[in-house]
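> Below is entry35.pdb; it holds PDB, C-alpha atoms.
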ATOM      1  CA  MET A   1     -38.708   7.043  48.708
ATOM      2  CA  ILE A   2     -41.494   9.353  47.558
ATOM      3  CA  LEU A   3     -45.236   9.391  48.182
ATOM      4  CA  GLU A   4     -47.660   9.905  45.311
ATOM      5  CA  SER A   5     -50.943  11.480  46.356
ATOM      6  CA  ALA A   6     -54.024  11.388  44.117
ATOM      7  CA  PRO A   7     -57.378  12.694  45.377
ATOM      8  CA  LEU A   8     -59.994  10.836  43.331
ATOM      9  CA  SER A   9     -63.521  12.103  42.645
ATOM     10  CA  VAL A  10     -65.577   9.185  41.373
ATOM     11  CA  LYS A  11     -68.720   9.919  39.356
ATOM     12  CA  PRO A  12     -71.994   9.646  41.293
ATOM     13  CA  GLY A  13     -73.339   6.125  41.527
ATOM     14  CA  GLN A  14     -70.068   4.583  40.344
ATOM     15  CA  HIS A  15     -68.250   4.034  43.657
ATOM     16  CA  GLU A  16     -68.997   0.305  43.921
ATOM     17  CA  ALA A  17     -67.898  -0.353  40.330
ATOM     18  CA  PHE A  18     -64.790   1.759  40.934
ATOM     19  CA  GLU A  19     -63.827  -0.226  44.030
ATOM     20  CA  THR A  20     -64.299  -3.488  42.128
ATOM     21  CA  ALA A  21     -62.137  -2.239  39.251
ATOM     22  CA  PHE A  22     -59.507  -0.975  41.684
ATOM     23  CA  ARG A  23     -59.192  -4.424  43.242
ATOM     24  CA  GLU A  24     -58.068  -5.686  39.829
ATOM     25  CA  ALA A  25     -55.962  -2.623  39.015
ATOM     26  CA  GLN A  26     -53.930  -2.723  42.226
ATOM     27  CA  ALA A  27     -52.166  -5.884  41.033
ATOM     28  CA  ILE A  28     -50.984  -3.917  37.991
ATOM     29  CA  ILE A  29     -49.354  -1.134  39.952
ATOM     30  CA  ALA A  30     -47.842  -3.594  42.423
ATOM     31  CA  SER A  31     -46.002  -5.312  39.548
ATOM     32  CA  ILE A  32     -44.067  -2.193  38.519
ATOM     33  CA  PRO A  33     -40.362  -1.890  39.450
ATOM     34  CA  GLY A  34     -39.855   0.790  42.095
ATOM     35  CA  TYR A  35     -43.306   0.256  43.651
ATOM     36  CA  ARG A  36     -43.190   0.073  47.459
ATOM     37  CA  GLY A  37     -46.851  -0.042  48.503
ATOM     38  CA  HIS A  38     -50.192   1.717  48.271
ATOM     39  CA  GLU A  39     -53.417   2.414  50.074
ATOM     40  CA  LEU A  40     -56.802   3.568  48.875
ATOM     41  CA  GLN A  41     -58.841   5.506  51.432
ATOM     42  CA  ARG A  42     -62.597   6.143  51.093
ATOM     43  CA  CYS A  43     -63.861   9.493  52.420
ATOM     44  CA  ILE A  44     -66.307   9.214  55.296
ATOM     45  CA  GLU A  45     -68.021  12.581  54.755
ATOM     46  CA  ARG A  46     -68.360  12.558  50.956
ATOM     47  CA  GLN A  47     -69.466   9.562  48.970
ATOM     48  CA  GLY A  48     -67.366   9.052  45.851
ATOM     49  CA  GLN A  49     -64.269  10.774  47.266
ATOM     50  CA  TYR A  50     -61.094   8.716  47.655
ATOM     51  CA  LEU A  51     -57.434   9.287  48.348
ATOM     52  CA  LEU A  52     -54.875   7.070  46.643
ATOM     53  CA  LEU A  53     -51.412   7.018  48.211
ATOM     54  CA  VAL A  54     -48.611   5.132  46.465
ATOM     55  CA  ARG A  55     -45.050   4.769  47.679
ATOM     56  CA  TRP A  56     -42.337   4.673  45.007
ATOM     57  CA  ASP A  57     -38.559   4.502  45.079
ATOM     58  CA  SER A  58     -38.497   7.722  43.006
ATOM     59  CA  VAL A  59     -40.675  10.044  40.924
ATOM     60  CA  ALA A  60     -39.060   8.484  37.835
ATOM     61  CA  HIS A  61     -40.343   5.052  38.841
ATOM     62  CA  HIS A  62     -43.870   6.492  38.799
ATOM     63  CA  GLU A  63     -43.691   8.951  35.904
ATOM     64  CA  GLU A  64     -41.509   6.925  33.557
ATOM     65  CA  GLY A  65     -41.533   3.361  34.840
ATOM     66  CA  PHE A  66     -45.284   3.117  35.402
ATOM     67  CA  ARG A  67     -46.910   5.745  33.201
ATOM     68  CA  LYS A  68     -44.846   4.754  30.160
ATOM     69  CA  SER A  69     -45.309   1.004  30.699
ATOM     70  CA  ALA A  70     -47.524  -1.358  28.732
ATOM     71  CA  GLN A  71     -49.347  -2.130  31.999
ATOM     72  CA  TYR A  72     -50.435   1.502  32.343
ATOM     73  CA  ALA A  73     -52.810   1.105  29.370
ATOM     74  CA  ARG A  74     -54.765  -1.536  31.311
ATOM     75  CA  TRP A  75     -54.739   0.617  34.484
ATOM     76  CA  ARG A  76     -56.114   3.536  32.469
ATOM     77  CA  GLU A  77     -58.772   1.314  30.861
ATOM     78  CA  LEU A  78     -59.910   0.003  34.244
ATOM     79  CA  LEU A  79     -60.011   3.284  36.186
ATOM     80  CA  HIS A  80     -59.799   6.554  34.302
ATOM     81  CA  HIS A  81     -63.419   6.643  33.120
ATOM     82  CA  PHE A  82     -64.606   6.815  36.762
ATOM     83  CA  TYR A  83     -63.018  10.215  37.527
ATOM     84  CA  ASP A  84     -64.694  13.609  37.253
ATOM     85  CA  PRO A  85     -62.664  15.734  37.289
ATOM     86  CA  PHE A  86     -59.469  13.925  36.446
ATOM     87  CA  PRO A  87     -57.166  13.990  39.498
ATOM     88  CA  THR A  88     -54.116  16.141  39.973
ATOM     89  CA  VAL A  89     -51.305  13.876  41.144
ATOM     90  CA  LEU A  90     -48.568  15.262  43.400
ATOM     91  CA  HIS A  91     -45.388  13.739  44.797
ATOM     92  CA  TYR A  92     -44.066  14.245  48.303
ATOM     93  CA  GLU A  93     -40.809  13.519  50.069
ATOM     94  CA  ARG A  94     -40.250  13.062  53.761
ATOM     95  CA  VAL A  95     -38.889  15.992  55.731
ATOM     96  CA  ASP A  96     -35.891  14.848  57.755
ATOM     97  CA  GLY A  97     -36.282  15.288  61.499
ATOM     98  CA  ALA A  98     -40.049  15.579  61.389
TER      99      ALA A  98
END
Translate the structure of the given file into structure tokens.


Amino acid sequence: MILESAPLSVKPGQHEAFETAFREAQAIIASIPGYRGHELQRCIERQGQYLLLVRWDSVAHHEEGFRKSAQYARWRELLHHFYDPFPTVLHYERVDGA
């Protein structure tokens, strides 16, 4: 299993609309093969800052299975216009014994 991490900077004044759109979008990502779970965290200190964490079976399930799917177009339509700048997404794997 891998963990996708995406720090999201939402444009000023758009956080409520973003959260509403995300509620719809989360059903999209949850329908993708290889998806294990997700959480969206809102920053306490900085309005408009979020952290999206998604668990996948593999990087390929995210990069190929999700990003190359027909469903990704709807995800992009719902969410991508909220970000400034566009997030850098990284993938992490668990360190054994830690």

> Calculate how many Å separate atom CA of Ile28 of chain A from atom CA of Leu90 of chain A, rounding to one decimal.

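Computing it gives 20.1 Å between the two atoms.
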
> Which residue gives the smallest distance to Arg67 of chain A among A:His38, A:Ile29, A:Glu45, A:Tyr50, with only C-alpha atoms counted?

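The closest residue to Arg67 of chain A is A:Ile29.
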
> Identify all residues satisfying the PyMOL selection byres ((chain A and resi 36) around 12) in the given file; provide them as an mmCIF file with C-alpha atoms, in the frame of the given file.


data_model
loop_
_atom_site.group_PDB
_atom_site.id
_atom_site.type_symbol
_atom_site.label_atom_id
_atom_site.label_comp_id
_atom_site.auth_asym_id
_atom_site.auth_seq_id
_atom_site.Cartn_x
_atom_site.Cartn_y
_atom_site.Cartn_z
ATOM 1 C CA MET A 1 -38.708 7.043 48.708
ATOM 2 C CA ILE A 2 -41.494 9.353 47.558
ATOM 3 C CA LEU A 3 -45.236 9.391 48.182
ATOM 4 C CA GLU A 4 -47.660 9.905 45.311
ATOM 5 C CA ILE A 29 -49.354 -1.134 39.952
ATOM 6 C CA ALA A 30 -47.842 -3.594 42.423
ATOM 7 C CA SER A 31 -46.002 -5.312 39.548
ATOM 8 C CA ILE A 32 -44.067 -2.193 38.519
ATOM 9 C CA PRO A 33 -40.362 -1.890 39.450
ATOM 10 C CA GLY A 34 -39.855 0.790 42.095
ATOM 11 C CA TYR A 35 -43.306 0.256 43.651
ATOM 12 C CA GLY A 37 -46.851 -0.042 48.503
ATOM 13 C CA HIS A 38 -50.192 1.717 48.271
ATOM 14 C CA GLU A 39 -53.417 2.414 50.074
ATOM 15 C CA LEU A 53 -51.412 7.018 48.211
ATOM 16 C CA VAL A 54 -48.611 5.132 46.465
ATOM 17 C CA ARG A 55 -45.050 4.769 47.679
ATOM 18 C CA TRP A 56 -42.337 4.673 45.007
ATOM 19 C CA ASP A 57 -38.559 4.502 45.079
ATOM 20 C CA SER A 58 -38.497 7.722 43.006
ATOM 21 C CA HIS A 61 -40.343 5.052 38.841
ATOM 22 C CA HIS A 62 -43.870 6.492 38.799
#

> In Å, rounded to a single decimal, give me how far atom CA of Gly65 of chain A is from atom CA of His91 of chain A.

14.9 Å

> For Tyr83 of chain A, which of A:Thr20, A:Ala25, A:Lys68, A:Gln49 is the closest residue, counting all atoms listed in the file?

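Going through A:Thr20, A:Ala25, A:Lys68, A:Gln49 one by one, the smallest distance to Tyr83 of chain A is for A:Gln49.
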
> Could you check the closest approach to Tyr92 of chain A for each of A:Gln14, A:Ser69, A:Ser5, A:Gln26 and tell me which residue wins, using only C-alpha atoms?

A:Ser5

> Using only C-alpha atoms, which of A:Glu64, A:Tyr72, A:Gln41, A:Val59 sits nearest Glu93 of chain A?

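Under the stated criterion, the closest residue is A:Val59.
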
> Could you jot down the atom CA of Asp84 of chain A to atom CA of Leu8 of chain A separation for me, Å, one decimal place?

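Atom-to-atom, atom CA of Asp84 of chain A to atom CA of Leu8 of chain A, that is 8.2 Å.
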
> Kindly resolve the PyMOL selection byres ((chain A and resi 12) around 12) on the present coordinates and return the residues as a VMD selection string.

chain A and resid 9 to 11 13 to 18 46 to 49 82 to 85

> Just C-alpha atoms for this one: save the residues we selected as a CSV table (one decimal), in the frame of the given file.


chain,number,residue,atom,x,y,z
A,9,SER,CA,-63.5,12.1,42.6
A,10,VAL,CA,-65.6,9.2,41.4
A,11,LYS,CA,-68.7,9.9,39.4
A,13,GLY,CA,-73.3,6.1,41.5
A,14,GLN,CA,-70.1,4.6,40.3
A,15,HIS,CA,-68.2,4.0,43.7
A,16,GLU,CA,-69.0,0.3,43.9
A,17,ALA,CA,-67.9,-0.4,40.3
A,18,PHE,CA,-64.8,1.8,40.9
A,46,ARG,CA,-68.4,12.6,51.0
A,47,GLN,CA,-69.5,9.6,49.0
A,48,GLY,CA,-67.4,9.1,45.9
A,49,GLN,CA,-64.3,10.8,47.3
A,82,PHE,CA,-64.6,6.8,36.8
A,83,TYR,CA,-63.0,10.2,37.5
A,84,ASP,CA,-64.7,13.6,37.3
A,85,PRO,CA,-62.7,15.7,37.3

> Starting from the PyMOL selection byres ((chain A and resi 87) around 7), expand the selection into actual residues of this file and give them as a PyMOL selection string.

chain A and resi 6-8+85-86+88-89

> The centre and edge lengths of an axis-aligned box containing all atoms of segment 35-41 of chain A present in the file, extended by 5 Å on each side, are to be given in Å to one decimal, as AutoDock Vina command-line options.


--center_x -51.0 --center_y 2.7 --center_z 47.5 --size_x 25.7 --size_y 15.5 --size_z 17.8

> Between A:Gly97, A:Glu19, A:Leu51, A:Ala27, single out the one closest to Arg74 of chain A, counting only C-alpha atoms.

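Under the stated criterion, the closest residue is A:Ala27.
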